[in-house]
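Novice: So here's work.pdb (PDB, C-alpha atoms, pLDDT in the B column).
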```pdb
MODEL        1
ATOM      1  CA  MET O   1      -6.394 -12.386  -4.554  1.00 77.00           C
ATOM      2  CA  LEU O   2      -6.604  -8.630  -4.999  1.00 76.00           C
ATOM      3  CA  LYS O   3      -9.938  -9.062  -6.798  1.00 82.00           C
ATOM      4  CA  ASP O   4     -11.368 -10.171  -3.438  1.00 83.00           C
ATOM      5  CA  TYR O   5     -11.003  -6.520  -2.384  1.00 84.00           C
ATOM      6  CA  LYS O   6     -12.454  -4.871  -5.509  1.00 83.00           C
ATOM      7  CA  HIS O   7     -15.387  -3.457  -3.511  1.00 86.00           C
ATOM      8  CA  ASP O   8     -13.190  -2.254  -0.640  1.00 86.00           C
ATOM      9  CA  SER O   9     -12.867   1.511  -1.035  1.00 88.00           C
ATOM     10  CA  VAL O  10      -9.887   1.703   1.337  1.00 90.00           C
ATOM     11  CA  VAL O  11      -7.943  -0.843  -0.726  1.00 90.00           C
ATOM     12  CA  SER O  12      -8.912   0.896  -3.976  1.00 92.00           C
ATOM     13  CA  PHE O  13      -7.835   4.278  -2.605  1.00 93.00           C
ATOM     14  CA  LEU O  14      -4.468   2.958  -1.433  1.00 93.00           C
ATOM     15  CA  VAL O  15      -3.737   0.830  -4.506  1.00 93.00           C
ATOM     16  CA  GLU O  16      -4.186   3.895  -6.724  1.00 93.00           C
ATOM     17  CA  ARG O  17      -1.577   5.758  -4.686  1.00 93.00           C
ATOM     18  CA  CYS O  18       1.006   3.137  -3.749  1.00 94.00           C
ATOM     19  CA  SER O  19       4.274   2.277  -5.480  1.00 93.00           C
ATOM     20  CA  LEU O  20       3.214  -1.301  -6.226  1.00 95.00           C
ATOM     21  CA  THR O  21       1.455  -2.267  -9.407  1.00 93.00           C
ATOM     22  CA  PRO O  22      -1.756  -4.256  -8.920  1.00 91.00           C
ATOM     23  CA  ALA O  23       0.042  -7.327 -10.325  1.00 92.00           C
ATOM     24  CA  GLN O  24       2.893  -6.932  -7.832  1.00 94.00           C
ATOM     25  CA  LEU O  25       0.490  -6.505  -4.924  1.00 94.00           C
ATOM     26  CA  ASP O  26      -1.552  -9.495  -6.074  1.00 93.00           C
ATOM     27  CA  THR O  27       1.645 -11.564  -6.303  1.00 94.00           C
ATOM     28  CA  ILE O  28       2.838 -10.532  -2.826  1.00 95.00           C
ATOM     29  CA  MET O  29      -0.566 -11.410  -1.377  1.00 93.00           C
ATOM     30  CA  ILE O  30      -0.448 -14.854  -2.999  1.00 93.00           C
ATOM     31  CA  TRP O  31       3.166 -15.410  -1.901  1.00 94.00           C
ATOM     32  CA  ARG O  32       2.041 -15.111   1.746  1.00 93.00           C
ATOM     33  CA  LEU O  33      -0.072 -18.248   1.323  1.00 92.00           C
ATOM     34  CA  GLU O  34       1.628 -21.460   2.303  1.00 86.00           C
ATOM     35  CA  ILE O  35       1.103 -23.330  -0.938  1.00 92.00           C
ATOM     36  CA  LYS O  36       3.369 -24.585  -3.706  1.00 93.00           C
ATOM     37  CA  LEU O  37       4.602 -22.231  -6.401  1.00 92.00           C
ATOM     38  CA  GLY O  38       2.700 -24.148  -9.093  1.00 89.00           C
ATOM     39  CA  ALA O  39      -0.570 -23.439  -7.299  1.00 90.00           C
ATOM     40  CA  MET O  40       0.370 -19.792  -6.719  1.00 91.00           C
ATOM     41  CA  VAL O  41       0.724 -18.936 -10.401  1.00 91.00           C
ATOM     42  CA  GLY O  42      -2.867 -20.024 -11.036  1.00 88.00           C
ATOM     43  CA  LEU O  43      -4.206 -17.648  -8.401  1.00 88.00           C
ATOM     44  CA  ARG O  44      -3.194 -14.422 -10.129  1.00 87.00           C
ATOM     45  CA  ASP O  45      -6.230 -12.230 -10.820  1.00 82.00           C
ATOM     46  CA  LYS O  46      -5.790 -11.439 -14.484  1.00 78.00           C
ATOM     47  CA  LYS O  47      -4.486 -14.683 -15.886  1.00 78.00           C
ATOM     48  CA  LYS O  48      -2.297 -17.626 -15.115  1.00 79.00           C
ATOM     49  CA  VAL O  49       1.353 -16.689 -15.548  1.00 88.00           C
ATOM     50  CA  THR O  50       4.529 -18.709 -15.802  1.00 91.00           C
ATOM     51  CA  LYS O  51       6.516 -19.436 -12.662  1.00 93.00           C
ATOM     52  CA  GLY O  52       9.271 -17.170 -13.968  1.00 95.00           C
ATOM     53  CA  ALA O  53       6.880 -14.263 -14.536  1.00 93.00           C
ATOM     54  CA  PHE O  54       5.329 -14.792 -11.112  1.00 93.00           C
ATOM     55  CA  LEU O  55       8.736 -14.771  -9.413  1.00 95.00           C
ATOM     56  CA  ARG O  56       9.817 -11.702 -11.421  1.00 96.00           C
ATOM     57  CA  SER O  57       6.692  -9.825 -10.344  1.00 95.00           C
ATOM     58  CA  LEU O  58       7.280 -10.911  -6.750  1.00 96.00           C
ATOM     59  CA  LYS O  59      10.890  -9.733  -6.837  1.00 97.00           C
ATOM     60  CA  GLN O  60       9.884  -6.357  -8.319  1.00 97.00           C
ATOM     61  CA  GLY O  61       7.161  -5.886  -5.700  1.00 96.00           C
ATOM     62  CA  GLN O  62       9.473  -6.831  -2.847  1.00 97.00           C
ATOM     63  CA  TYR O  63      12.058  -4.393  -4.201  1.00 97.00           C
ATOM     64  CA  ASN O  64       9.467  -1.596  -4.238  1.00 96.00           C
ATOM     65  CA  VAL O  65       8.429  -2.343  -0.644  1.00 96.00           C
ATOM     66  CA  ARG O  66      12.053  -2.519   0.506  1.00 97.00           C
ATOM     67  CA  SER O  67      12.856   0.721  -1.330  1.00 96.00           C
ATOM     68  CA  SER O  68       9.922   2.503   0.326  1.00 93.00           C
ATOM     69  CA  LEU O  69      11.080   1.401   3.770  1.00 92.00           C
ATOM     70  CA  TYR O  70      14.666   2.496   3.151  1.00 94.00           C
ATOM     71  CA  THR O  71      13.386   5.833   1.860  1.00 92.00           C
ATOM     72  CA  MET O  72      11.465   6.433   5.095  1.00 88.00           C
ATOM     73  CA  ILE O  73      14.483   5.487   7.190  1.00 89.00           C
ATOM     74  CA  LEU O  74      16.781   7.740   5.122  1.00 92.00           C
ATOM     75  CA  LEU O  75      14.410  10.704   5.393  1.00 88.00           C
ATOM     76  CA  GLU O  76      14.258  10.271   9.150  1.00 87.00           C
ATOM     77  CA  TYR O  77      18.050   9.899   9.437  1.00 90.00           C
ATOM     78  CA  LEU O  78      18.627  13.081   7.419  1.00 90.00           C
ATOM     79  CA  GLY O  79      16.144  14.977   9.571  1.00 86.00           C
ATOM     80  CA  LEU O  80      13.723  15.521   6.705  1.00 84.00           C
ATOM     81  CA  ILE O  81      10.983  13.910   8.746  1.00 83.00           C
ATOM     82  CA  ASP O  82      10.851  13.414  12.469  1.00 78.00           C
ATOM     83  CA  SER O  83       9.923  10.520  14.692  1.00 81.00           C
ATOM     84  CA  LYS O  84       6.537  12.116  15.466  1.00 83.00           C
ATOM     85  CA  GLN O  85       5.600  11.764  11.818  1.00 83.00           C
ATOM     86  CA  LEU O  86       6.691   8.122  11.801  1.00 84.00           C
ATOM     87  CA  PHE O  87       4.681   7.544  14.976  1.00 87.00           C
ATOM     88  CA  ALA O  88       1.632   9.103  13.289  1.00 86.00           C
ATOM     89  CA  LEU O  89       2.152   6.775  10.337  1.00 87.00           C
ATOM     90  CA  GLY O  90       2.099   3.815  12.738  1.00 88.00           C
ATOM     91  CA  ARG O  91      -1.083   5.162  14.277  1.00 88.00           C
ATOM     92  CA  ILE O  92      -2.723   5.262  10.839  1.00 88.00           C
ATOM     93  CA  GLY O  93      -1.778   1.614  10.423  1.00 88.00           C
ATOM     94  CA  GLU O  94      -3.536   0.803  13.701  1.00 88.00           C
ATOM     95  CA  LEU O  95      -6.650   2.719  12.619  1.00 86.00           C
ATOM     96  CA  ILE O  96      -6.750   0.931   9.280  1.00 87.00           C
ATOM     97  CA  SER O  97      -6.552  -2.426  11.066  1.00 86.00           C
ATOM     98  CA  LYS O  98      -9.483  -1.460  13.289  1.00 84.00           C
ATOM     99  CA  VAL O  99     -11.529  -0.355  10.286  1.00 83.00           C
ATOM    100  CA  LYS O 100     -10.706  -3.555   8.430  1.00 81.00           C
ATOM    101  CA  ASP O 101     -11.916  -5.639  11.376  1.00 82.00           C
ATOM    102  CA  SER O 102     -15.210  -3.742  11.737  1.00 85.00           C
ATOM    103  CA  SER O 103     -18.101  -2.885   9.450  1.00 82.00           C
ATOM    104  CA  PRO O 104     -17.770   0.881   9.036  1.00 83.00           C
ATOM    105  CA  ASN O 105     -20.359   2.930   7.204  1.00 85.00           C
ATOM    106  CA  ALA O 106     -19.546   4.935   4.091  1.00 86.00           C
ATOM    107  CA  ASP O 107     -19.162   8.190   6.028  1.00 87.00           C
ATOM    108  CA  SER O 108     -16.601   6.651   8.402  1.00 84.00           C
ATOM    109  CA  ILE O 109     -14.630   5.298   5.457  1.00 88.00           C
ATOM    110  CA  ARG O 110     -14.748   8.667   3.722  1.00 89.00           C
ATOM    111  CA  LYS O 111     -13.420  10.384   6.858  1.00 87.00           C
ATOM    112  CA  LEU O 112     -10.641   7.799   7.163  1.00 88.00           C
ATOM    113  CA  LEU O 113      -9.568   8.304   3.546  1.00 91.00           C
ATOM    114  CA  GLU O 114      -9.678  12.082   3.930  1.00 91.00           C
ATOM    115  CA  GLY O 115      -7.527  11.740   7.056  1.00 88.00           C
ATOM    116  CA  ILE O 116      -5.011   9.588   5.199  1.00 90.00           C
ATOM    117  CA  GLU O 117      -4.879  12.088   2.350  1.00 91.00           C
ATOM    118  CA  GLU O 118      -4.443  15.007   4.755  1.00 88.00           C
ATOM    119  CA  PHE O 119      -1.695  13.176   6.648  1.00 86.00           C
ATOM    120  CA  THR O 120       0.116  12.354   3.406  1.00 87.00           C
ATOM    121  CA  GLU O 121      -0.036  15.939   2.168  1.00 86.00           C
ATOM    122  CA  THR O 122       1.163  17.275   5.526  1.00 82.00           C
ATOM    123  CA  PHE O 123       3.851  14.601   5.735  1.00 80.00           C
ATOM    124  CA  CYS O 124       5.171  15.653   2.338  1.00 81.00           C
ATOM    125  CA  GLN O 125       4.813  19.316   3.341  1.00 71.00           C
ATOM    126  CA  ARG O 126       3.191  19.979   0.026  1.00 51.00           C
ATOM    127  CA  ARG O 127       1.288  23.220  -0.124  1.00 45.00           C
ATOM    128  CA  SER O 128      -0.680  24.278  -3.157  1.00 45.00           C
ATOM    129  CA  ASN O 129       1.233  27.554  -3.338  1.00 47.00           C
ATOM    130  CA  GLN O 130       4.695  25.914  -3.153  1.00 51.00           C
ATOM    131  CA  ILE O 131       4.729  23.352  -5.945  1.00 51.00           C
ATOM    132  CA  PRO O 132       2.491  23.386  -8.980  1.00 54.00           C
ATOM    133  CA  ALA O 133       0.265  20.325  -9.259  1.00 56.00           C
ATOM    134  CA  GLU O 134       1.070  17.957 -12.095  1.00 59.00           C
TER     135      GLU O 134
ENDMDL
END
```
Written as structure tokens, that's how I'd like the structure from this file.

Specialist:
Amino acid sequence: MLKDYKHDSVVSFLVERCSLTPAQLDTIMIWRLEIKLGAMVGLRDKKKVTKGAFLRSLKQGQYNVRSSLYTMILLEYLGLIDSKQLFALGRIGELISKVKDSSPNADSIRKLLEGIEEFTETFCQRRSNQIPAE
């Protein structure tokens, strides 16, 4: 399923930076289909996997998504981020949906990705003179 997006620069950009492995993301995408488990395991991009391996990958991916959401909620609760930042994150989601539903040119995509990167760096309050890059 994820291979269907191999030429999508937004997906590539986000997959490189997210907490899901490509296999976990692929599995979650397949899980959303309303088909039987036996058919799902054959849809994995790399190779057919066992039902157990598929379900293990799904569980790991779901855990990573759940963990990310709880992290955001905890940071907001502790006052480490504010609701304005969470609102801005929601706004980025809306913009991505609009881009996905249109046919943007390469320059528009580049600006979107730069905006996402800038938002992420600002959100994390990472400044080049504060923390050395890895």

Novice: For CA of Ile81 (chain O) and CA of Thr122 (chain O), quote the distance in Å rounded to one decimal.

Specialist: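 Between CA of Ile81 (chain O) and CA of Thr122 (chain O) the gap is 10.9 Å.
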
Novice: Which residues match the PyMOL selection byres ((chain O and resi 86-99) around 12) in the file above, as a PyMOL selection string?

Specialist: chain O and resi 8-11+14+69+72-73+75-77+79-85+100-106+108-120+122-123

Novice: Evaluate the PyMOL selection byres ((chain O and resi 28) around 10) and record the selected residues as a VMD selection string, following the chain and residue labels used in the document.

Specialist: chain O and resid 1 to 2 20 22 to 27 29 to 33 54 to 55 57 to 62

Novice: Suppose you want the space between CA of Phe13 (chain O) and CA of Asp45 (chain O); what is it in Å?

Specialist: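 Spanning CA of Phe13 (chain O) to CA of Asp45 (chain O) is a straight-line distance of 18.5 Å.
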
Novice: Please report the interatomic distance between CA of Ser12 (chain O) and CA of Lys46 (chain O) in Å with one decimal.

Specialist: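 Pair CA of Ser12 (chain O) / CA of Lys46 (chain O) returns 16.5 Å.
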
Novice: Return the single residue from O:Lys3, O:Tyr63, O:Tyr70, O:Thr21 that is closest to Leu43 (chain O), with distances computed using all atoms listed in the file.

Specialist: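 Checking each candidate against Leu43 (chain O), we get O:Lys3 as the closest.
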
Novice: With all atoms of region 54-61 of chain O from the file as input, state the centre and edge lengths in Å to one decimal of the axis-aligned box that has 4 Å extra on each side, as JSON.

Specialist:
```
{"center_x": 8.1, "center_y": -10.3, "center_z": -8.6, "size_x": 13.6, "size_y": 16.9, "size_z": 13.7}
```
